[in-house]
$ cat input.tsv   # TSV, C-alpha atoms and all ligand atoms
chain	number	residue	atom	x	y	z
A	17	MET	CA	57.00	97.32	159.50
A	18	ILE	CA	59.79	97.45	156.94
A	19	ILE	CA	61.25	100.83	156.19
A	20	HIS	CA	62.79	101.07	152.72
A	21	THR	CA	65.67	103.44	152.50
A	22	HIS	CA	67.03	104.70	149.24
A	23	PRO	CA	70.57	105.93	148.74
A	24	PRO	CA	70.88	109.31	147.02
A	25	ARG	CA	70.70	109.04	143.22
A	26	ASP	CA	74.29	110.17	142.70
A	27	HIS	CA	75.37	107.34	144.94
A	28	ILE	CA	73.63	104.78	142.74
A	29	ARG	CA	75.12	106.29	139.60
A	30	TYR	CA	78.59	106.16	141.05
A	31	TYR	CA	78.39	102.42	141.56
A	32	GLN	CA	76.68	101.70	138.26
A	33	GLN	CA	78.93	103.83	136.14
A	34	VAL	CA	81.25	102.12	133.69
A	35	LEU	CA	84.40	104.10	132.93
A	36	VAL	CA	85.95	103.83	129.48
A	37	ASP	CA	89.01	105.46	127.96
A	38	ALA	CA	87.97	105.73	124.30
A	39	HIS	CA	91.33	106.59	122.70
A	40	ALA	CA	94.67	105.14	123.76
A	41	HIS	CA	97.63	103.83	121.78
A	42	VAL	CA	99.37	100.46	122.14
A	43	PHE	CA	102.02	98.58	120.17
A	44	PRO	CA	103.25	94.99	120.09
A	45	PRO	CA	106.29	94.56	122.37
A	46	GLU	CA	108.49	93.85	119.31
A	47	MET	CA	107.59	97.21	117.78
A	48	VAL	CA	108.36	99.00	121.05
A	49	ALA	CA	111.74	97.24	121.08
A	50	HIS	CA	112.47	98.21	117.46
A	51	ARG	CA	111.22	101.79	117.55
A	52	GLU	CA	114.50	103.28	116.31
A	53	ALA	CA	114.59	100.97	113.28
A	54	ILE	CA	110.96	101.74	112.46
A	55	ALA	CA	111.58	105.48	112.88
A	56	GLY	CA	114.44	105.12	110.40
A	57	ILE	CA	112.08	104.10	107.61
A	58	ASP	CA	108.75	105.74	108.55
A	59	ALA	CA	109.03	109.54	108.65
A	60	SER	CA	105.55	110.15	110.16
A	61	PHE	CA	106.19	107.63	112.93
A	62	ALA	CA	109.58	109.27	113.55
A	63	GLY	CA	107.85	112.66	113.78
A	64	ILE	CA	105.96	111.47	116.87
A	65	TYR	CA	107.89	108.53	118.34
A	66	ALA	CA	111.59	109.09	117.55
A	67	GLY	CA	113.56	109.43	120.75
A	68	PRO	CA	112.90	107.76	124.09
A	69	ALA	CA	111.04	110.79	125.51
A	70	ALA	CA	107.96	109.95	123.40
A	71	LYS	CA	106.32	107.06	125.18
A	72	MET	CA	105.19	103.83	123.54
A	73	ALA	CA	103.16	101.29	125.50
A	74	THR	CA	101.97	97.73	125.23
A	75	SER	CA	98.48	96.61	126.27
A	76	LYS	CA	99.97	95.42	129.57
A	77	GLU	CA	101.04	98.96	130.39
A	78	LEU	CA	97.67	100.29	129.31
A	79	THR	CA	95.78	97.91	131.62
A	80	ALA	CA	98.11	98.91	134.46
A	81	ALA	CA	97.27	102.58	133.80
A	82	LEU	CA	93.55	101.71	133.74
A	83	ASP	CA	93.94	99.98	137.11
A	84	THR	CA	95.61	103.08	138.56
A	85	ALA	CA	92.82	105.27	137.21
A	86	GLY	CA	89.98	102.93	138.25
A	87	ILE	CA	88.89	102.76	134.59
A	88	ASP	CA	87.07	99.62	133.47
A	89	ARG	CA	87.86	99.43	129.76
A	90	ALA	CA	89.71	101.10	126.90
A	91	VAL	CA	89.74	101.39	123.14
A	92	ALA	CA	93.24	101.21	121.67
A	93	ALA	CA	94.65	102.21	118.31
A	94	GLY	CA	98.18	101.76	117.01
A	95	PHE	CA	99.79	104.16	114.55
A	96	ALA	CA	98.99	104.93	110.92
A	97	PHE	CA	102.18	103.41	109.54
A	98	ASP	CA	103.25	103.83	105.94
A	99	SER	CA	104.20	100.24	105.09
A	100	THR	CA	101.81	97.32	104.78
A	101	ALA	CA	104.28	95.14	106.70
A	102	HIS	CA	104.17	97.43	109.77
A	103	ILE	CA	100.40	97.73	109.53
A	104	GLU	CA	99.99	93.95	109.34
A	105	GLU	CA	102.28	93.37	112.30
A	106	GLN	CA	100.31	95.90	114.32
A	107	ASN	CA	96.89	94.65	113.19
A	108	ALA	CA	97.81	91.12	114.23
A	109	TYR	CA	98.22	92.52	117.77
A	110	LEU	CA	95.20	94.87	117.76
A	111	GLY	CA	92.79	92.33	116.31
A	112	VAL	CA	93.22	89.88	119.17
A	113	LEU	CA	93.51	92.52	121.90
A	114	ALA	CA	89.95	91.96	123.13
A	115	ALA	CA	90.55	88.21	123.43
A	116	ALA	CA	93.94	88.73	125.07
A	117	THR	CA	92.54	91.11	127.71
A	118	ASP	CA	89.22	89.34	128.42
A	119	GLY	CA	87.41	92.13	126.64
A	120	ARG	CA	88.90	94.89	128.75
A	121	VAL	CA	90.83	96.54	125.91
A	122	VAL	CA	89.48	96.46	122.38
A	123	GLY	CA	91.51	97.36	119.30
A	124	LEU	CA	90.99	99.45	116.19
A	125	ALA	CA	92.23	98.27	112.79
A	126	THR	CA	94.88	100.35	111.04
A	127	ALA	CA	94.91	101.01	107.30
A	128	ASN	CA	96.81	102.99	104.70
A	129	LEU	CA	94.51	103.88	101.82
A	130	ALA	CA	97.52	104.87	99.73
A	131	HIS	CA	98.09	101.12	99.17
A	132	PRO	CA	95.68	99.30	96.85
A	133	ASP	CA	95.24	96.32	99.21
A	134	TRP	CA	94.09	98.37	102.25
A	135	ARG	CA	90.68	96.74	102.42
A	136	ASP	CA	91.94	93.17	103.09
A	137	GLY	CA	93.88	94.16	106.21
A	138	ILE	CA	90.87	95.94	107.70
A	139	GLU	CA	88.50	93.05	107.05
A	140	ARG	CA	90.94	90.52	108.47
A	141	THR	CA	91.45	92.62	111.61
A	142	LEU	CA	87.72	93.19	112.12
A	143	ARG	CA	87.12	89.46	111.76
A	144	ALA	CA	89.80	88.82	114.38
A	145	GLY	CA	88.03	91.10	116.87
A	146	ALA	CA	88.78	94.78	116.18
A	147	VAL	CA	85.83	97.11	116.85
A	148	GLY	CA	86.61	100.09	114.62
A	149	ILE	CA	89.11	101.65	112.25
A	150	GLY	CA	91.70	104.30	113.12
A	151	GLU	CA	93.26	106.51	114.25
A	152	LEU	CA	93.14	107.64	110.62
A	153	ARG	CA	95.91	109.94	109.41
A	154	PRO	CA	95.38	110.61	105.69
A	155	GLY	CA	97.77	113.58	105.74
A	156	ASN	CA	100.64	111.47	107.06
A	157	GLN	CA	99.97	108.60	104.67
A	158	GLY	CA	99.32	110.71	101.59
A	159	TRP	CA	95.74	109.83	100.67
A	160	ASP	CA	92.86	112.18	100.04
A	161	PRO	CA	90.28	112.17	102.88
A	162	LEU	CA	87.66	113.19	100.30
A	163	GLY	CA	88.86	110.86	97.53
A	164	THR	CA	87.31	107.66	96.18
A	165	GLY	CA	89.15	105.44	98.67
A	166	ALA	CA	87.90	107.49	101.64
A	167	HIS	CA	84.30	107.11	100.45
A	168	GLU	CA	84.85	103.36	100.06
A	169	LEU	CA	86.27	103.24	103.58
A	170	CYS	CA	83.13	104.95	104.92
A	171	ASP	CA	80.95	102.40	103.11
A	172	LEU	CA	83.04	99.54	104.50
A	173	ALA	CA	82.73	100.88	108.05
A	174	ALA	CA	78.95	101.24	107.65
A	175	LEU	CA	78.72	97.70	106.29
A	176	HIS	CA	80.57	96.31	109.31
A	177	ARG	CA	78.83	98.74	111.69
A	178	VAL	CA	82.09	100.00	113.15
A	179	PRO	CA	83.16	103.60	113.80
A	180	LEU	CA	86.00	105.45	112.10
A	181	LEU	CA	88.34	107.34	114.43
A	182	TRP	CA	89.95	110.37	112.76
A	183	HIS	CA	92.90	112.42	113.96
A	184	VAL	CA	91.48	115.95	113.66
A	185	SER	CA	93.46	119.11	114.23
A	186	GLU	CA	92.85	122.84	114.20
A	187	PRO	CA	94.03	125.04	111.33
A	188	VAL	CA	95.25	127.46	114.04
A	189	GLY	CA	97.20	127.31	117.30
A	190	HIS	CA	100.47	125.79	118.37
A	191	ALA	CA	102.22	123.04	116.47
A	192	TYR	CA	102.77	119.60	118.02
A	193	PRO	CA	104.28	116.37	116.66
A	194	GLY	CA	101.80	114.73	114.29
A	195	LYS	CA	99.35	117.65	114.37
A	196	ALA	CA	98.82	118.10	110.64
A	197	GLY	CA	98.75	114.43	109.65
A	198	GLY	CA	95.01	113.85	110.07
A	199	ILE	CA	91.91	115.41	108.55
A	200	ASP	CA	90.83	119.01	108.94
A	201	PRO	CA	87.44	119.81	110.50
A	202	VAL	CA	85.89	121.11	107.29
A	203	ALA	CA	86.88	118.00	105.31
A	204	LEU	CA	85.45	115.82	108.08
A	205	ILE	CA	82.14	117.71	107.97
A	206	ARG	CA	81.98	117.13	104.21
A	207	LEU	CA	82.82	113.42	104.49
A	208	ALA	CA	80.47	112.79	107.42
A	209	SER	CA	77.62	114.60	105.63
A	210	ALA	CA	78.10	112.34	102.61
A	211	HIS	CA	77.91	109.19	104.80
A	212	PRO	CA	75.12	109.55	107.34
A	213	GLY	CA	75.18	105.79	107.96
A	214	THR	CA	78.84	105.79	109.01
A	215	THR	CA	79.70	106.58	112.62
A	216	MET	CA	82.72	108.85	112.94
A	217	VAL	CA	84.71	109.86	116.00
A	218	ALA	CA	86.51	113.19	115.68
A	219	ALA	CA	89.50	112.98	118.00
A	220	HIS	CA	90.89	115.84	120.06
A	221	LEU	CA	87.52	117.60	120.46
A	222	GLY	CA	87.15	117.68	116.68
A	223	GLY	CA	89.66	120.42	116.02
A	224	GLY	CA	87.03	123.17	116.12
A	225	LEU	CA	84.36	121.24	114.21
A	226	SER	CA	81.90	121.53	117.08
A	227	PHE	CA	81.54	125.29	116.59
A	228	TYR	CA	79.61	124.62	113.36
A	229	LEU	CA	77.05	122.48	115.21
A	230	GLN	CA	75.44	125.82	116.00
A	231	MET	CA	74.39	126.05	112.35
A	232	PRO	CA	71.14	124.03	112.13
A	233	GLU	CA	71.86	122.58	108.68
A	234	VAL	CA	75.35	121.46	109.71
A	235	ARG	CA	74.00	119.99	112.94
A	236	ARG	CA	71.46	117.96	110.98
A	237	ALA	CA	74.11	116.84	108.46
A	238	ILE	CA	76.59	115.40	110.95
A	239	GLU	CA	74.49	113.61	113.54
A	240	ASN	CA	76.84	110.65	112.95
A	241	VAL	CA	79.88	112.47	114.41
A	242	TYR	CA	81.11	111.89	117.96
A	243	PHE	CA	83.96	113.74	119.66
A	244	ASP	CA	86.69	112.42	121.93
A	245	THR	CA	88.72	114.31	124.50
A	246	ALA	CA	92.13	112.79	123.69
A	247	ALA	CA	95.01	115.06	124.73
A	248	VAL	CA	92.60	117.83	125.75
A	249	SER	CA	94.84	119.18	128.52
A	250	LEU	CA	97.61	119.83	125.96
A	251	LEU	CA	95.29	121.65	123.59
A	252	TYR	CA	92.38	123.39	125.28
A	253	ASP	CA	91.46	125.23	128.48
A	254	ASP	CA	89.78	123.70	131.54
A	255	ARG	CA	86.17	124.38	130.50
A	256	SER	CA	86.52	123.11	126.93
A	257	VAL	CA	84.94	119.68	127.47
A	258	ALA	CA	81.97	121.20	129.30
A	259	ARG	CA	81.51	123.61	126.37
A	260	LEU	CA	81.78	120.73	123.89
A	261	VAL	CA	79.09	118.84	125.84
A	262	ASP	CA	76.95	121.97	125.65
A	263	LEU	CA	77.42	122.21	121.86
A	264	ALA	CA	77.31	118.54	120.87
A	265	GLY	CA	75.20	117.01	123.63
A	266	GLU	CA	76.48	114.69	126.35
A	267	GLN	CA	75.65	111.60	124.30
A	268	ARG	CA	78.19	112.51	121.60
A	269	VAL	CA	81.30	113.17	123.70
A	270	LEU	CA	83.72	110.38	124.69
A	271	PHE	CA	86.28	110.63	127.45
A	272	ALA	CA	89.73	109.72	126.11
A	273	SER	CA	93.27	110.20	127.35
A	274	ASP	CA	95.58	109.57	124.36
A	275	PHE	CA	97.59	107.28	126.69
A	276	PRO	CA	100.56	106.91	126.95
A	277	LEU	CA	100.94	110.57	125.96
A	278	LEU	CA	98.86	111.50	129.03
A	279	SER	CA	97.74	109.75	132.21
A	280	PRO	CA	94.17	108.38	132.08
A	281	ARG	CA	93.84	109.03	135.84
A	282	ARG	CA	94.63	112.74	135.64
A	283	GLN	CA	92.68	113.28	132.42
A	284	LEU	CA	89.62	111.56	133.87
A	285	ALA	CA	89.70	113.70	137.01
A	286	ARG	CA	90.09	116.85	134.92
A	287	VAL	CA	87.18	116.03	132.59
A	288	ARG	CA	84.86	114.77	135.34
A	289	GLU	CA	85.12	117.78	137.57
A	290	THR	CA	83.65	120.11	134.95
A	291	LEU	CA	80.59	117.95	134.16
A	292	THR	CA	77.30	117.23	135.89
A	293	ALA	CA	76.82	113.67	137.20
A	294	ASP	CA	74.57	112.76	134.26
A	295	ALA	CA	76.93	114.17	131.65
A	296	ALA	CA	79.96	112.55	133.31
A	297	SER	CA	78.22	109.18	133.30
A	298	ALA	CA	77.61	109.38	129.53
A	299	VAL	CA	80.91	111.01	128.58
A	300	CYS	CA	83.21	108.95	130.79
A	301	GLY	CA	81.86	105.54	129.86
A	302	GLY	CA	78.26	105.15	128.76
A	303	ASN	CA	78.74	106.49	125.25
A	304	ALA	CA	81.92	104.52	124.52
A	305	GLU	CA	80.31	101.42	125.98
A	306	SER	CA	77.51	101.53	123.43
A	307	LEU	CA	79.79	102.54	120.53
A	308	PHE	CA	82.61	100.02	121.04
A	309	PHE	CA	81.54	97.29	123.46
A	310	ARG	CA	78.10	96.26	122.26
A	311	PRO	CA	77.65	93.22	120.00
A	312	ARG	CA	77.65	94.35	116.35
A	313	GLY	CA	75.16	91.78	115.14
A	314	GLY	CA	74.28	91.30	111.43
B	1	ZN	ZN	95.34	111.98	117.33
$ encode --input "input.tsv" --output "structure tokens"
Amino acid sequence: MIIHTHPPRDHIRYYQQVLVDAHAHVFPPEMVAHREAIAGIDASFAGIYAGPAAKMATSKELTAALDTAGIDRAVAAGFAFDSTAHIEEQNAYLGVLAAATDGRVVGLATANLAHPDWRDGIERTLRAGAVGIGELRPGNQGWDPLGTGAHELCDLAALHRVPLLWHVSEPVGHAYPGKAGGIDPVALIRLASAHPGTTMVAAHLGGGLSFYLQMPEVRRAIENVYFDTAAVSLLYDDRSVARLVDLAGEQRVLFASDFPLLSPRRQLARVRETLTADAASAVCGGNAESLFFRPRGG
């Protein structure tokens, strides 16, 4: 007689779970080497990256950090530079990131909607292999997140079936470098409501946006909005991700570190310990896997 034994369900989940860091930042080695020169001509970049204390990383350093953390894959953005030349240099690196890392790290295309030719760079970078657009910083680049260009960007993202990643910050609380350069939560609610077919990721827990999910009409209007946990330990208390999961649902929250600002290993441990096994499985990998690592088709 054969006796079938079954491991406990949590045990199975542990081995099946894919871990994904959904928001990290990488730069081409040449841009890391020339950071001072770039900071000299790009004030927003200087606001975050001037001085050696602010870390910049290449994809090599990101994959090393993923190894340390036991994380399978990551989604990487660059920076929302002002000049088309910097954006092109960066997009050339981000577009081929998936190919260069055997699919382990995928890149997001950068754009500056203040320049008339913004669309070409995005399309070229998506064709090369980028899987989304962002981290978008309209405040830093001087374009209106509710203007004509922003609506065209949403349509373009929907057409290519890729998500938009927005830097979102709170209208309250402490200041930090780069805080105000993104979109505010109310503007993001308005934009997302106008584009139900466009998937949006609200970085940094959405800057307070999730509170309004408790209003039924708002909840219905922004079913296309996901939230990532980038930099959470610098912004919010220990229970904040668990509360976000409660408000938004575990299928709409993405674990993210904001590497190299923070360590993926420590952020993952911090987020995981406040979630149930099911929620952790979705938040720490499952959701990002289906958003960023599935074939786009059509
Ligand atoms: Zn951000």
$ residues_near_point --input "input.tsv" --point "(101.0, 90.4, 123.9)" --cutoff "8 Å" --atoms "all atoms listed in the file" --output "list in words"
Pro44, Pro45, Thr74, Ser75, Lys76, Tyr109 and Ala116 of chain A
$ residues_near_ligand --input "input.tsv" --ligand "ligand ZN 1 (chain B)" --cutoff "12 Å" --atoms "all atoms listed in the file" --output "VMD selection string"
chain A and resid 38 to 41 64 92 to 96 150 to 156 181 to 186 192 to 200 217 to 223 243 to 248 250 to 251 272 to 275 277
$ residues_around --input "input.tsv" --residues "Glu239 (chain A)" --least-positions-apart "6" --cutoff "12 Å" --atoms "only C-alpha atoms" --output "ChimeraX atom specification"
/A:205,208-217,226,229,232-233,264-265,267-268
$ atom_distance --input "input.tsv" --atom1 "CA of Asp262 (chain A)" --atom2 "CA of Val299 (chain A)"
12.0 Å
$ closest_residue --input "input.tsv" --among "A:Ile57, A:Val36, A:Ala69, A:Leu270" --to "Ala258 (chain A)" --atoms "all atoms listed in the file"
A:Leu270
$ atom_distance --input "input.tsv" --atom1 "CA of His50 (chain A)" --atom2 "CA of Gly67 (chain A)"
11.7 Å
$ atom_distance --input "input.tsv" --atom1 "CA of Gly123 (chain A)" --atom2 "CA of Pro311 (chain A)"
14.5 Å
$ closest_residue --input "input.tsv" --among "A:Gly111, A:Gly56, A:Gly302, A:Pro161" --to "Gln33 (chain A)" --atoms "only C-alpha atoms"
A:Gly302
$ residues_near_point --input "input.tsv" --point "(110.1, 102.9, 118.7)" --cutoff "8 Å" --atoms "only C-alpha atoms" --output "list in words"
Met47, Val48, Ala49, His50, Arg51, Glu52, Ala53, Ile54, Ala55, Tyr65, Ala66, Gly67, Pro68 and Met72 of chain A
$ write_last_selection --input "input.tsv" --atoms "C-alpha atoms" --output "PDB file, keeping the file's coordinate frame"
ATOM      1  CA  MET A  47     107.590  97.210 117.780  1.00  0.00           C
ATOM      2  CA  VAL A  48     108.360  99.000 121.050  1.00  0.00           C
ATOM      3  CA  ALA A  49     111.740  97.240 121.080  1.00  0.00           C
ATOM      4  CA  HIS A  50     112.470  98.210 117.460  1.00  0.00           C
ATOM      5  CA  ARG A  51     111.220 101.790 117.550  1.00  0.00           C
ATOM      6  CA  GLU A  52     114.500 103.280 116.310  1.00  0.00           C
ATOM      7  CA  ALA A  53     114.590 100.970 113.280  1.00  0.00           C
ATOM      8  CA  ILE A  54     110.960 101.740 112.460  1.00  0.00           C
ATOM      9  CA  ALA A  55     111.580 105.480 112.880  1.00  0.00           C
ATOM     10  CA  TYR A  65     107.890 108.530 118.340  1.00  0.00           C
ATOM     11  CA  ALA A  66     111.590 109.090 117.550  1.00  0.00           C
ATOM     12  CA  GLY A  67     113.560 109.430 120.750  1.00  0.00           C
ATOM     13  CA  PRO A  68     112.900 107.760 124.090  1.00  0.00           C
ATOM     14  CA  MET A  72     105.190 103.830 123.540  1.00  0.00           C
TER      15      MET A  72
END
$ closest_residue --input "input.tsv" --among "A:Thr117, A:Thr100, A:Asn107, A:Gln230" --to "Trp134 (chain A)" --atoms "only C-alpha atoms"
A:Thr100
$ closest_residue --input "input.tsv" --among "A:Arg206, A:His190, A:His131, A:Arg89" --to "Ala101 (chain A)" --atoms "all atoms listed in the file"
A:His131
$ closest_residue --input "input.tsv" --among "A:Leu175, A:Cys300, A:Val121, A:Ile103" --to "Leu35 (chain A)" --atoms "only C-alpha atoms"
A:Cys300
$ closest_residue --input "input.tsv" --among "A:Ala191, A:Ile149, A:Glu289, A:Asp160" --to "Ala174 (chain A)" --atoms "only C-alpha atoms"
A:Ile149
$ residues_around --input "input.tsv" --residues "region 136-148 of chain A" --least-positions-apart "3" --cutoff "9 Å" --atoms "only C-alpha atoms" --output "count of residues only"
31
$ axis_aligned_box --input "input.tsv" --around "region 203-216 of chain A" --padding-each-side "8 Å" --output "AutoDock Vina command-line options"
--center_x 81.0 --center_y 111.9 --center_z 107.8 --size_x 27.8 --size_y 28.2 --size_z 26.3
$ residues_around --input "input.tsv" --residues "Arg281 (chain A)" --least-positions-apart "5" --cutoff "10 Å" --atoms "all atoms listed in the file" --output "list in words"
Asp37, Ala81, Leu82, Asp83, Thr84, Ala85, Gly86, Ile87, Ser273 and Arg286 of chain A
$ decode --input "input.tsv" --residues "region 155-176 of chain A" --atoms "N, CA, C and O atoms" --output "short mmCIF file (atom, residue, chain, number, x, y, z; two decimals), in the first residue's frame"
data_model
loop_
_atom_site.label_atom_id
_atom_site.label_comp_id
_atom_site.auth_asym_id
_atom_site.auth_seq_id
_atom_site.Cartn_x
_atom_site.Cartn_y
_atom_site.Cartn_z
N GLY A 155 6.10 66.89 -12.49
CA GLY A 155 6.45 68.10 -11.74
C GLY A 155 7.89 68.51 -11.98
O GLY A 155 8.20 69.69 -12.19
N ASN A 156 8.80 67.53 -12.00
CA ASN A 156 10.20 67.82 -12.26
C ASN A 156 10.43 68.30 -13.69
O ASN A 156 11.26 69.17 -13.94
N GLN A 157 9.69 67.70 -14.63
CA GLN A 157 9.95 67.99 -16.04
C GLN A 157 9.10 69.15 -16.58
O GLN A 157 9.32 69.60 -17.70
N GLY A 158 8.13 69.59 -15.79
CA GLY A 158 7.36 70.76 -16.20
C GLY A 158 6.26 70.49 -17.22
O GLY A 158 6.00 71.31 -18.08
N TRP A 159 5.61 69.32 -17.13
CA TRP A 159 4.42 69.10 -17.97
C TRP A 159 3.22 68.81 -17.06
O TRP A 159 3.37 68.40 -15.91
N ASP A 160 2.05 69.06 -17.63
CA ASP A 160 0.82 68.98 -16.84
C ASP A 160 0.31 67.53 -16.83
O ASP A 160 0.00 66.99 -17.88
N PRO A 161 0.23 66.90 -15.65
CA PRO A 161 -0.23 65.50 -15.60
C PRO A 161 -1.70 65.33 -15.99
O PRO A 161 -2.16 64.20 -16.16
N LEU A 162 -2.41 66.45 -16.16
CA LEU A 162 -3.80 66.37 -16.64
C LEU A 162 -3.95 67.06 -17.99
O LEU A 162 -5.07 67.30 -18.45
N GLY A 163 -2.83 67.38 -18.63
CA GLY A 163 -2.88 68.07 -19.93
C GLY A 163 -3.06 67.10 -21.10
O GLY A 163 -3.12 65.88 -20.91
N THR A 164 -3.10 67.67 -22.30
CA THR A 164 -3.33 66.86 -23.51
C THR A 164 -2.29 65.76 -23.67
O THR A 164 -2.61 64.62 -23.98
N GLY A 165 -1.02 66.11 -23.45
CA GLY A 165 0.06 65.14 -23.61
C GLY A 165 -0.12 63.95 -22.66
O GLY A 165 0.09 62.79 -23.04
N ALA A 166 -0.52 64.22 -21.43
CA ALA A 166 -0.71 63.15 -20.44
C ALA A 166 -1.81 62.19 -20.89
O ALA A 166 -1.69 60.97 -20.75
N HIS A 167 -2.88 62.75 -21.45
CA HIS A 167 -3.96 61.89 -21.95
C HIS A 167 -3.48 61.06 -23.15
O HIS A 167 -3.83 59.88 -23.27
N GLU A 168 -2.65 61.67 -23.99
CA GLU A 168 -2.09 60.91 -25.12
C GLU A 168 -1.16 59.80 -24.63
O GLU A 168 -1.12 58.70 -25.20
N LEU A 169 -0.42 60.10 -23.57
CA LEU A 169 0.47 59.08 -22.98
C LEU A 169 -0.35 57.89 -22.46
O LEU A 169 0.02 56.73 -22.67
N CYS A 170 -1.47 58.18 -21.81
CA CYS A 170 -2.34 57.10 -21.30
C CYS A 170 -2.87 56.24 -22.45
O CYS A 170 -2.91 55.02 -22.35
N ASP A 171 -3.26 56.91 -23.54
CA ASP A 171 -3.75 56.17 -24.71
C ASP A 171 -2.65 55.29 -25.31
O ASP A 171 -2.89 54.15 -25.69
N LEU A 172 -1.44 55.85 -25.37
CA LEU A 172 -0.30 55.10 -25.92
C LEU A 172 0.00 53.86 -25.07
O LEU A 172 0.24 52.76 -25.59
N ALA A 173 -0.04 54.03 -23.75
CA ALA A 173 0.22 52.90 -22.85
C ALA A 173 -0.85 51.82 -23.01
O ALA A 173 -0.54 50.63 -23.01
N ALA A 174 -2.10 52.26 -23.15
CA ALA A 174 -3.20 51.29 -23.33
C ALA A 174 -3.02 50.53 -24.65
O ALA A 174 -3.20 49.32 -24.71
N LEU A 175 -2.63 51.27 -25.69
CA LEU A 175 -2.42 50.67 -27.01
C LEU A 175 -1.34 49.58 -26.95
O LEU A 175 -1.50 48.51 -27.54
N HIS A 176 -0.27 49.87 -26.23
CA HIS A 176 0.83 48.91 -26.13
C HIS A 176 0.66 47.94 -24.96
O HIS A 176 1.52 47.08 -24.73
#
